[in-house]
>>> print(open('final.pdb').read())   # PDB, C-alpha atoms
ATOM      1  CA  MET N  24     121.327  44.252 137.007
ATOM      2  CA  ASN N  25     117.631  44.957 136.680
ATOM      3  CA  PHE N  26     117.056  46.380 140.153
ATOM      4  CA  GLU N  27     119.796  48.839 141.004
ATOM      5  CA  PHE N  28     120.321  52.255 142.581
ATOM      6  CA  THR N  29     123.516  53.183 140.725
ATOM      7  CA  SER N  30     121.842  55.132 137.962
ATOM      8  CA  LEU N  31     119.701  57.073 140.440
ATOM      9  CA  ILE N  32     122.802  57.938 142.471
ATOM     10  CA  ALA N  33     124.707  59.054 139.356
ATOM     11  CA  PHE N  34     121.736  61.101 138.156
ATOM     12  CA  VAL N  35     121.115  62.789 141.538
ATOM     13  CA  THR N  36     124.836  63.477 141.968
ATOM     14  CA  GLY N  37     124.821  65.096 138.552
ATOM     15  CA  MET N  38     121.823  67.202 139.508
ATOM     16  CA  VAL N  39     123.243  68.365 142.832
ATOM     17  CA  PHE N  40     126.967  68.680 142.082
ATOM     18  CA  GLY N  41     127.036  69.006 138.304
ATOM     19  CA  SER N  42     127.559  66.818 135.257
ATOM     20  CA  PHE N  43     131.264  66.257 135.885
ATOM     21  CA  TYR N  44     130.720  64.792 139.347
ATOM     22  CA  GLY N  45     127.688  62.773 138.274
ATOM     23  CA  ALA N  46     129.607  61.304 135.348
ATOM     24  CA  SER N  47     132.706  60.656 137.465
ATOM     25  CA  LEU N  48     130.804  58.899 140.213
ATOM     26  CA  GLY N  49     128.843  56.849 137.672
ATOM     27  CA  ALA N  50     132.064  55.820 135.917
ATOM     28  CA  LEU N  51     133.769  54.958 139.202
ATOM     29  CA  ILE N  52     130.864  52.828 140.425
ATOM     30  CA  MET N  53     130.662  50.909 137.164
ATOM     31  CA  PHE N  54     134.429  50.437 137.060
ATOM     32  CA  VAL N  55     134.441  48.922 140.549
ATOM     33  CA  ASN N  56     131.292  46.950 139.779
ATOM     34  CA  GLY N  57     132.975  45.537 136.687
ATOM     35  CA  PHE N  58     135.545  43.798 138.859
ATOM     36  CA  LEU N  59     133.583  43.033 142.020
ATOM     37  CA  SER N  60     130.191  42.098 140.583
ATOM     38  CA  PRO N  61     128.854  38.744 141.818
ATOM     39  CA  TYR N  62     128.241  37.944 138.117
ATOM     40  CA  GLY N  63     131.991  38.055 137.545
ATOM     41  CA  PHE N  64     134.289  40.336 135.575
ATOM     42  CA  ALA N  65     132.317  42.409 133.075
ATOM     43  CA  GLY N  66     135.016  42.079 130.395
ATOM     44  CA  VAL N  67     134.402  43.832 127.106
ATOM     45  CA  VAL N  68     131.014  45.093 128.335
ATOM     46  CA  LEU N  69     132.664  47.178 131.082
ATOM     47  CA  PRO N  70     133.506  50.267 128.976
ATOM     48  CA  PHE N  71     129.968  50.301 127.642
ATOM     49  CA  GLN N  72     128.553  50.131 131.172
ATOM     50  CA  ILE N  73     130.802  53.024 132.165
ATOM     51  CA  ALA N  74     129.767  55.026 129.098
ATOM     52  CA  GLY N  75     126.092  54.440 129.855
ATOM     53  CA  MET N  76     126.448  55.528 133.462
ATOM     54  CA  VAL N  77     128.536  58.569 132.485
ATOM     55  CA  LEU N  78     125.685  59.618 130.206
ATOM     56  CA  ILE N  79     123.205  59.351 133.082
ATOM     57  CA  GLY N  80     125.418  61.507 135.317
ATOM     58  CA  VAL N  81     125.886  64.105 132.573
ATOM     59  CA  VAL N  82     122.151  64.296 131.851
ATOM     60  CA  GLY N  83     121.522  64.724 135.596
ATOM     61  CA  GLY N  84     123.673  67.852 135.519
ATOM     62  CA  LEU N  85     122.031  69.150 132.361
ATOM     63  CA  TYR N  86     118.566  68.560 133.753
ATOM     64  CA  ALA N  87     119.455  70.509 136.926
ATOM     65  CA  ARG N  88     120.230  73.511 134.740
ATOM     66  CA  MET N  89     116.870  73.159 133.068
ATOM     67  CA  ALA N  90     115.000  72.729 136.367
ATOM     68  CA  THR N  91     116.101  75.847 138.184
ATOM     69  CA  GLY N  92     114.642  76.615 141.587
ATOM     70  CA  LYS N  93     112.978  74.257 144.023
ATOM     71  CA  LEU N  94     111.807  71.095 142.380
ATOM     72  CA  SER N  95     108.038  70.782 142.252
ATOM     73  CA  SER N  96     105.350  68.283 141.292
ATOM     74  CA  GLY N  97     105.990  68.784 137.565
ATOM     75  CA  ASN N  98     109.529  67.557 138.083
ATOM     76  CA  PHE N  99     108.212  64.213 139.369
ATOM     77  CA  VAL N 100     106.822  63.474 135.923
ATOM     78  CA  GLU N 101     109.920  64.747 134.145
ATOM     79  CA  THR N 102     112.313  62.690 136.283
ATOM     80  CA  LEU N 103     110.042  59.687 135.796
ATOM     81  CA  VAL N 104     110.281  60.064 132.010
ATOM     82  CA  LEU N 105     114.024  60.718 132.202
ATOM     83  CA  GLY N 106     114.445  57.592 134.338
ATOM     84  CA  ALA N 107     112.746  55.499 131.668
ATOM     85  CA  PHE N 108     114.593  57.147 128.783
ATOM     86  CA  LEU N 109     118.071  57.040 130.345
ATOM     87  CA  THR N 110     117.619  53.448 131.456
ATOM     88  CA  PHE N 111     116.607  52.493 127.942
ATOM     89  CA  ILE N 112     119.667  54.242 126.499
ATOM     90  CA  TYR N 113     121.894  52.612 129.119
ATOM     91  CA  ASP N 114     120.521  49.173 128.264
ATOM     92  CA  VAL N 115     120.980  49.756 124.536
ATOM     93  CA  VAL N 116     124.581  50.869 125.093
ATOM     94  CA  THR N 117     125.384  47.846 127.272
ATOM     95  CA  ASN N 118     123.639  45.552 124.791
ATOM     96  CA  VAL N 119     125.958  46.936 122.114
ATOM     97  CA  GLY N 120     128.790  45.858 124.440
ATOM     98  CA  THR N 121     127.275  42.400 124.660
ATOM     99  CA  ALA N 122     127.043  42.352 120.854
ATOM    100  CA  VAL N 123     130.758  43.173 120.629
ATOM    101  CA  TYR N 124     131.410  40.177 122.861
ATOM    102  CA  LEU N 125     129.122  37.921 120.803
ATOM    103  CA  ALA N 126     130.634  39.186 117.558
ATOM    104  CA  SER N 127     133.628  36.929 118.127
ATOM    105  CA  SER N 128     131.442  34.029 116.987
ATOM    106  CA  MET N 129     128.966  35.671 114.587
ATOM    107  CA  PRO N 130     128.575  38.751 112.361
ATOM    108  CA  PHE N 131     128.237  41.951 114.400
ATOM    109  CA  SER N 132     124.861  42.889 112.907
ATOM    110  CA  GLU N 133     123.390  39.532 113.930
ATOM    111  CA  ALA N 134     125.044  39.762 117.332
ATOM    112  CA  LEU N 135     123.548  43.213 117.851
ATOM    113  CA  ILE N 136     120.034  42.090 116.943
ATOM    114  CA  ALA N 137     120.382  39.017 119.169
ATOM    115  CA  ALA N 138     121.675  41.078 122.086
ATOM    116  CA  LEU N 139     118.896  43.663 121.759
ATOM    117  CA  ILE N 140     116.140  41.070 121.462
ATOM    118  CA  MET N 141     117.388  38.737 124.186
ATOM    119  CA  GLY N 142     117.932  41.725 126.446
ATOM    120  CA  ALA N 143     114.402  43.046 125.897
ATOM    121  CA  ILE N 144     112.726  41.474 128.910
ATOM    122  CA  PRO N 145     115.503  42.288 131.415
ATOM    123  CA  SER N 146     115.484  45.779 129.937
ATOM    124  CA  VAL N 147     111.734  46.143 130.477
ATOM    125  CA  MET N 148     112.158  45.164 134.135
ATOM    126  CA  HIS N 149     115.074  47.572 134.469
ATOM    127  CA  ILE N 150     113.100  50.422 132.895
ATOM    128  CA  VAL N 151     110.019  49.793 135.040
ATOM    129  CA  TRP N 152     112.143  49.760 138.170
ATOM    130  CA  ASN N 153     114.058  52.935 137.307
ATOM    131  CA  THR N 154     110.945  54.737 136.102
ATOM    132  CA  PHE N 155     109.406  54.159 139.495
ATOM    133  CA  LEU N 156     112.635  54.938 141.346
ATOM    134  CA  PHE N 157     113.496  58.132 139.473
ATOM    135  CA  GLY N 158     109.920  59.380 139.626
ATOM    136  CA  ALA N 159     109.470  58.698 143.330
ATOM    137  CA  VAL N 160     112.888  59.479 144.767
ATOM    138  CA  THR N 161     114.758  62.040 142.658
ATOM    139  CA  VAL N 162     112.790  65.166 143.580
ATOM    140  CA  PRO N 163     112.641  64.648 147.378
ATOM    141  CA  LEU N 164     116.243  63.405 147.446
ATOM    142  CA  VAL N 165     117.622  66.372 145.500
ATOM    143  CA  ASN N 166     115.596  68.842 147.592
ATOM    144  CA  ALA N 167     116.779  67.178 150.813
ATOM    145  CA  MET N 168     120.429  67.179 149.722
ATOM    146  CA  GLN N 169     120.296  70.823 148.726
ATOM    147  CA  ARG N 170     118.731  71.733 152.077
ATOM    148  CA  MET N 171     121.400  69.743 153.916
ATOM    149  CA  LEU N 172     124.123  71.508 151.948
ATOM    150  CA  GLY N 173     122.519  74.848 152.690
ATOM    151  CA  TRP N 174     122.130  75.659 149.038
ATOM    152  CA  ARG N 175     118.388  76.029 149.137
ATOM    153  CA  TRP N 176     115.724  76.445 151.826
TER     154      TRP N 176
ATOM    155  CA  MET S   2      95.674  88.989 125.302
ATOM    156  CA  GLU S   3      96.749  85.593 126.615
ATOM    157  CA  VAL S   4     100.518  85.113 127.041
ATOM    158  CA  VAL S   5     101.736  81.604 126.266
ATOM    159  CA  ASP S   6     105.009  80.441 127.793
ATOM    160  CA  THR S   7     106.630  78.700 124.809
ATOM    161  CA  SER S   8     109.506  77.339 126.889
ATOM    162  CA  ILE S   9     107.070  75.341 129.048
ATOM    163  CA  GLN S  10     105.292  74.126 125.915
ATOM    164  CA  ARG S  11     108.577  73.029 124.373
ATOM    165  CA  ARG S  12     109.585  71.311 127.575
ATOM    166  CA  THR S  13     106.276  69.455 127.764
ATOM    167  CA  ILE S  14     106.641  68.365 124.144
ATOM    168  CA  LEU S  15     110.208  67.222 124.828
ATOM    169  CA  PHE S  16     109.263  64.986 127.754
ATOM    170  CA  VAL S  17     106.132  63.626 126.111
ATOM    171  CA  THR S  18     108.262  62.786 123.057
ATOM    172  CA  LEU S  19     110.882  61.089 125.220
ATOM    173  CA  GLY S  20     108.196  59.062 127.004
ATOM    174  CA  LEU S  21     106.562  57.992 123.754
ATOM    175  CA  ALA S  22     109.950  57.149 122.237
ATOM    176  CA  VAL S  23     110.801  54.860 125.148
ATOM    177  CA  TRP S  24     107.372  53.261 125.055
ATOM    178  CA  SER S  25     107.530  52.578 121.314
ATOM    179  CA  MET S  26     111.076  51.235 121.348
ATOM    180  CA  VAL S  27     110.509  49.008 124.378
ATOM    181  CA  ALA S  28     107.244  47.732 122.897
ATOM    182  CA  THR S  29     109.030  46.946 119.622
ATOM    183  CA  LEU S  30     111.839  45.074 121.348
ATOM    184  CA  THR S  31     109.410  43.166 123.546
ATOM    185  CA  ALA S  32     107.359  42.185 120.516
ATOM    186  CA  ALA S  33     110.540  41.056 118.757
ATOM    187  CA  TYR S  34     111.502  39.015 121.794
ATOM    188  CA  TYR S  35     108.160  37.241 121.958
ATOM    189  CA  TYR S  36     108.195  36.684 118.197
ATOM    190  CA  THR S  37     111.559  34.924 118.433
ATOM    191  CA  GLN S  38     110.190  32.868 121.333
ATOM    192  CA  TYR S  39     107.203  31.944 119.168
ATOM    193  CA  ILE S  40     109.468  30.871 116.297
ATOM    194  CA  GLU S  41     111.610  28.814 118.673
ATOM    195  CA  THR S  42     108.597  27.133 120.280
ATOM    196  CA  ARG S  43     107.111  26.380 116.885
ATOM    197  CA  ARG S  44     110.364  24.789 115.722
ATOM    198  CA  THR S  45     110.532  22.645 118.851
ATOM    199  CA  PHE S  46     106.907  21.626 118.321
ATOM    200  CA  GLU S  47     107.617  20.577 114.727
ATOM    201  CA  GLU S  48     110.630  18.556 115.881
ATOM    202  CA  LEU S  49     108.592  16.795 118.540
ATOM    203  CA  LYS S  50     105.732  16.265 116.122
ATOM    204  CA  SER S  51     108.021  14.295 113.816
ATOM    205  CA  LEU S  52     108.750  11.922 116.700
ATOM    206  CA  VAL S  53     105.141  10.786 117.095
ATOM    207  CA  ILE S  54     102.426   9.408 114.828
ATOM    208  CA  ASP S  55      98.656   9.182 115.070
ATOM    209  CA  VAL S  56      97.137   5.709 114.657
ATOM    210  CA  ASN S  57      93.670   4.181 114.999
ATOM    211  CA  VAL S  58      92.878   1.044 116.950
ATOM    212  CA  PHE S  59      89.614  -0.842 116.461
ATOM    213  CA  ILE S  60      88.597  -3.516 118.978
ATOM    214  CA  ASP S  61      85.710  -5.883 118.257
ATOM    215  CA  TYR S  62      84.810  -8.027 121.267
ATOM    216  CA  GLY S  63      82.674 -10.354 119.167
ATOM    217  CA  ASN S  64      79.546  -9.736 121.234
ATOM    218  CA  GLY S  65      78.451  -6.547 119.560
ATOM    219  CA  THR S  66      80.753  -4.341 121.612
ATOM    220  CA  GLN S  67      83.210  -2.399 119.526
ATOM    221  CA  SER S  68      85.509   0.527 120.133
ATOM    222  CA  TRP S  69      87.464   2.897 117.938
ATOM    223  CA  GLN S  70      90.285   4.820 119.498
ATOM    224  CA  ASN S  71      92.744   7.307 118.105
ATOM    225  CA  GLU S  72      96.089   7.352 119.799
ATOM    226  CA  THR S  73      99.310   9.306 119.438
ATOM    227  CA  ILE S  74     102.287   7.022 119.805
ATOM    228  CA  ILE S  75     106.027   7.241 119.324
ATOM    229  CA  ALA S  76     107.174   6.757 115.721
ATOM    230  CA  GLY S  77     108.555   3.252 115.256
ATOM    231  CA  SER S  78     105.946   1.667 117.503
ATOM    232  CA  THR S  79     104.354  -1.623 116.526
ATOM    233  CA  ALA S  80     100.711  -2.658 116.250
ATOM    234  CA  PHE S  81     101.090  -4.316 119.636
ATOM    235  CA  ASP S  82     102.420  -1.048 121.156
ATOM    236  CA  ALA S  83      99.356   0.725 119.772
ATOM    237  CA  LEU S  84      97.080  -1.834 121.448
ATOM    238  CA  LEU S  85      98.892  -1.319 124.758
ATOM    239  CA  ALA S  86      98.511   2.416 124.271
ATOM    240  CA  VAL S  87      94.723   2.181 124.149
ATOM    241  CA  THR S  88      94.335  -0.375 126.937
ATOM    242  CA  LYS S  89      96.673  -1.674 129.600
ATOM    243  CA  ASN S  90      94.427  -4.659 130.315
ATOM    244  CA  VAL S  91      96.123  -6.974 127.832
ATOM    245  CA  GLU S  92      97.466 -10.481 128.436
ATOM    246  CA  TYR S  93      99.796 -12.139 126.004
ATOM    247  CA  LYS S  94     102.364 -14.834 125.531
ATOM    248  CA  THR S  95     105.671 -14.401 123.795
ATOM    249  CA  TYR S  96     106.777 -16.910 121.211
ATOM    250  CA  PRO S  97     109.743 -17.002 118.823
ATOM    251  CA  PHE S  98     107.556 -15.433 116.106
ATOM    252  CA  GLY S  99     106.417 -12.646 118.463
ATOM    253  CA  VAL S 100     103.603 -11.923 120.895
ATOM    254  CA  PHE S 101     100.261 -13.707 120.853
ATOM    255  CA  VAL S 102      97.473 -11.825 122.604
ATOM    256  CA  THR S 103      95.417 -14.039 124.910
ATOM    257  CA  SER S 104      93.114 -11.472 126.525
ATOM    258  CA  ILE S 105      91.919  -7.909 126.011
ATOM    259  CA  ASN S 106      89.966  -6.137 128.729
ATOM    260  CA  GLY S 107      89.084  -9.450 130.389
ATOM    261  CA  VAL S 108      87.882 -11.195 127.212
ATOM    262  CA  LYS S 109      90.142 -14.242 127.079
ATOM    263  CA  ASN S 110      90.979 -16.721 124.372
ATOM    264  CA  GLU S 111      89.194 -20.005 124.907
ATOM    265  CA  GLY S 112      88.889 -23.393 123.255
ATOM    266  CA  THR S 113      91.246 -26.037 122.045
ATOM    267  CA  ALA S 114      93.897 -26.211 119.380
ATOM    268  CA  THR S 115      91.314 -27.095 116.768
ATOM    269  CA  SER S 116      88.437 -24.765 117.670
ATOM    270  CA  GLY S 117      87.479 -21.905 119.960
ATOM    271  CA  HIS S 118      87.698 -18.137 120.176
ATOM    272  CA  ALA S 119      90.852 -16.039 119.966
ATOM    273  CA  TRP S 120      92.061 -12.508 119.425
ATOM    274  CA  LEU S 121      93.353 -11.903 115.895
ATOM    275  CA  TRP S 122      94.642  -8.648 114.528
ATOM    276  CA  TYR S 123      94.344  -6.987 111.122
ATOM    277  CA  TYR S 124      95.596  -3.817 109.478
ATOM    278  CA  TRP S 125      93.702  -1.546 107.140
ATOM    279  CA  ASN S 126      94.968  -1.844 103.570
ATOM    280  CA  ALA S 127      94.301   1.595 102.135
ATOM    281  CA  THR S 128      94.977   0.371  98.589
ATOM    282  CA  THR S 129      92.293  -2.308  98.620
ATOM    283  CA  SER S 130      90.182  -0.565 101.285
ATOM    284  CA  LYS S 131      89.912  -3.821 103.209
ATOM    285  CA  TRP S 132      91.109  -5.220 106.498
ATOM    286  CA  ALA S 133      94.042  -7.524 105.795
ATOM    287  CA  ASP S 134      95.812 -10.226 107.747
ATOM    288  CA  LEU S 135      99.578  -9.906 107.641
ATOM    289  CA  LEU S 136     100.122 -13.376 109.121
ATOM    290  CA  LYS S 137     102.760 -12.001 111.443
ATOM    291  CA  ALA S 138     102.831 -11.062 115.096
ATOM    292  CA  ALA S 139     101.558  -7.617 116.072
ATOM    293  CA  ASP S 140     104.891  -6.685 117.625
ATOM    294  CA  ALA S 141     106.601  -7.417 114.303
ATOM    295  CA  TYR S 142     104.631  -4.828 112.344
ATOM    296  CA  VAL S 143     105.874  -1.241 112.606
ATOM    297  CA  LEU S 144     103.074   1.267 112.154
ATOM    298  CA  LYS S 145     103.121   4.268 109.900
ATOM    299  CA  ALA S 146     101.330   7.545 110.479
ATOM    300  CA  ASP S 147      97.529   7.228 110.248
ATOM    301  CA  ASP S 148      97.658   3.427 110.112
ATOM    302  CA  SER S 149      94.603   1.602 111.405
ATOM    303  CA  THR S 150      94.662  -1.755 113.139
ATOM    304  CA  ALA S 151      91.803  -3.971 114.247
ATOM    305  CA  TRP S 152      91.624  -6.576 117.002
ATOM    306  CA  ARG S 153      88.798  -9.040 116.620
ATOM    307  CA  TYR S 154      87.657 -11.755 118.972
ATOM    308  CA  GLU S 155      86.856 -14.471 116.426
ATOM    309  CA  SER S 156      85.906 -18.084 116.403
ATOM    310  CA  TYR S 157      88.236 -20.522 114.681
ATOM    311  CA  SER S 158      88.229 -24.173 113.807
ATOM    312  CA  TYR S 159      90.865 -26.284 112.194
ATOM    313  CA  SER S 160      90.815 -29.887 111.203
ATOM    314  CA  PHE S 161      93.989 -31.920 110.974
TER     315      PHE S 161
END
>>> encode(input="final.pdb", output="structure tokens")
Amino acid sequence: MNFEFTSLIAFVTGMVFGSFYGASLGALIMFVNGFLSPYGFAGVVLPFQIAGMVLIGVVGGLYARMATGKLSSGNFVETLVLGAFLTFIYDVVTNVGTAVYLASSMPFSEALIAALIMGAIPSVMHIVWNTFLFGAVTVPLVNAMQRMLGWRW
Amino acid sequence: MEVVDTSIQRRTILFVTLGLAVWSMVATLTAAYYYTQYIETRRTFEELKSLVIDVNVFIDYGNGTQSWQNETIIAGSTAFDALLAVTKNVEYKTYPFGVFVTSINGVKNEGTATSGHAWLWYYWNATTSKWADLLKAADAYVLKADDSTAWRYESYSYSF
């Protein structure tokens, strides 16, 4: 799942409606994805995916509190950095889930190192994609949603 | 007196730190990934390397033309395999004792049973530092790494 919109949606929902809604939507999407993904049932990794997406939704809400008022050009850079950071954290959390799965056949410490290293390249692609996506889309999307909802003009 | 907004400064520091943290951690993981790939490739290379050997093949056409060739061949190959590795233009006959080369690169054996010219092969005896005749067919001698073999177009004569 290197090129996805789920984390952006969870983050923006958190920013517009608050951490609870961002986290809830993120958890719901990952729960459904865990069963309906074309890659098959997520298994033991599913709770880690949910936890990672919940974190993104929560941080979206917290960031909205920090960025009061109409979002401006400075927020582009901040959301870009947050996109990279949150994606990295999400990937680490899900890689821990993969390590738990691998730990059935090897020591957990080795499984964790293997999962982190083998997941490095997919993670880089994921981070690059989300860095671009968060940086380019978050600010105009949040501003547009708030205008549509009549919360800000 | 200049008023500095410390909250903006702190915020800038926070996001710069986050960005640098991501960069450093991703760079570390990527380096680790490529290092493991390097180790894996190296191991595969060593495994493949043990499956092949380097040998030298000397061909003396008897008319002043000579050639030295280094060839990498599969371990377990014979002196005849090494010859075929350096030139495909080889004619030979197969007998119960093994192959007998009758032509290399168009230079054919000629003569009768008692005299003429023929291709004979030798191996380099590193102990005596001399070319030696094993008195066995080339396809019956399994080469070792760095072995050298020579093919010479020589005149012969026997009297019965």
>>> resolve_selection(input="final.pdb", expression="the PyMOL selection byres ((chain N) within 6 of (chain S))", output="ChimeraX atom specification")
/N:104,108,140,143
>>> residues_around(input="final.pdb", residues="Glu27 (chain N)", least_positions_apart="2", cutoff="12 Å", atoms="only C-alpha atoms", output="VMD selection string")
chain N and resid 24 to 25 29 to 33 52 to 53 56 110 148 to 157
>>> resolve_selection(input="final.pdb", expression="the PyMOL selection byres ((chain S and resi 140) around 8)", output="compact mmCIF listing (two decimals) with C-alpha atoms, keeping the file's coordinate frame")
# COMPACT_ATOMS: atom_id res chain seq x y z
CA THR S 79 104.35 -1.62 116.53
CA ALA S 80 100.71 -2.66 116.25
CA PHE S 81 101.09 -4.32 119.64
CA ASP S 82 102.42 -1.05 121.16
CA GLY S 99 106.42 -12.65 118.46
CA VAL S 100 103.60 -11.92 120.90
CA ALA S 138 102.83 -11.06 115.10
CA ALA S 139 101.56 -7.62 116.07
CA ALA S 141 106.60 -7.42 114.30
CA TYR S 142 104.63 -4.83 112.34
CA VAL S 143 105.87 -1.24 112.61
>>> resolve_selection(input="final.pdb", expression="the PyMOL selection byres ((chain S and resi 121) around 8)", output="list in words")
Val102, Ala119, Trp120, Trp122, Tyr123, Trp152, Arg153, Tyr154 and Glu155 of chain S
>>> residues_around(input="final.pdb", residues="Asp147 (chain S)", least_positions_apart="5", cutoff="10 Å", atoms="all atoms listed in the file", output="list in words")
Ile54, Asp55, Val56, Asn57, Asn71, Glu72 and Thr73 of chain S
>>> residues_near_point(input="final.pdb", point="(121.8, 45.5, 121.2)", cutoff="8 Å", atoms="only C-alpha atoms", output="list in words")
Val115, Val116, Thr117, Asn118, Val119, Gly120, Thr121, Ala122, Ala134, Leu135, Ile136, Ala137, Ala138, Leu139, Ile140 and Gly142 of chain N
>>> atom_distance(input="final.pdb", atom1="CA of Val91 (chain S)", atom2="CA of Ala151 (chain S)")
14.6 Å
>>> atom_distance(input="final.pdb", atom1="CA of Tyr44 (chain N)", atom2="CA of Leu85 (chain N)")
12.0 Å
>>> residues_around(input="final.pdb", residues="Ser156 (chain S)", least_positions_apart="6", cutoff="8 Å", atoms="all atoms listed in the file", output="JSON, numbers by chain")
{"S": [116, 117, 118, 119]}
>>> residues_around(input="final.pdb", residues="Val165 (chain N)", least_positions_apart="5", cutoff="9 Å", atoms="all atoms listed in the file", output="ChimeraX atom specification")
/N:35-36,38-39,94,160,170
>>> atom_distance(input="final.pdb", atom1="CA of Ala86 (chain S)", atom2="CA of Asp148 (chain S)")
14.2 Å
>>> closest_residue(input="final.pdb", among="S:Gly63, S:Thr95, S:Leu52, S:Val58", to="Ala76 (chain S)", atoms="all atoms listed in the file")
S:Leu52
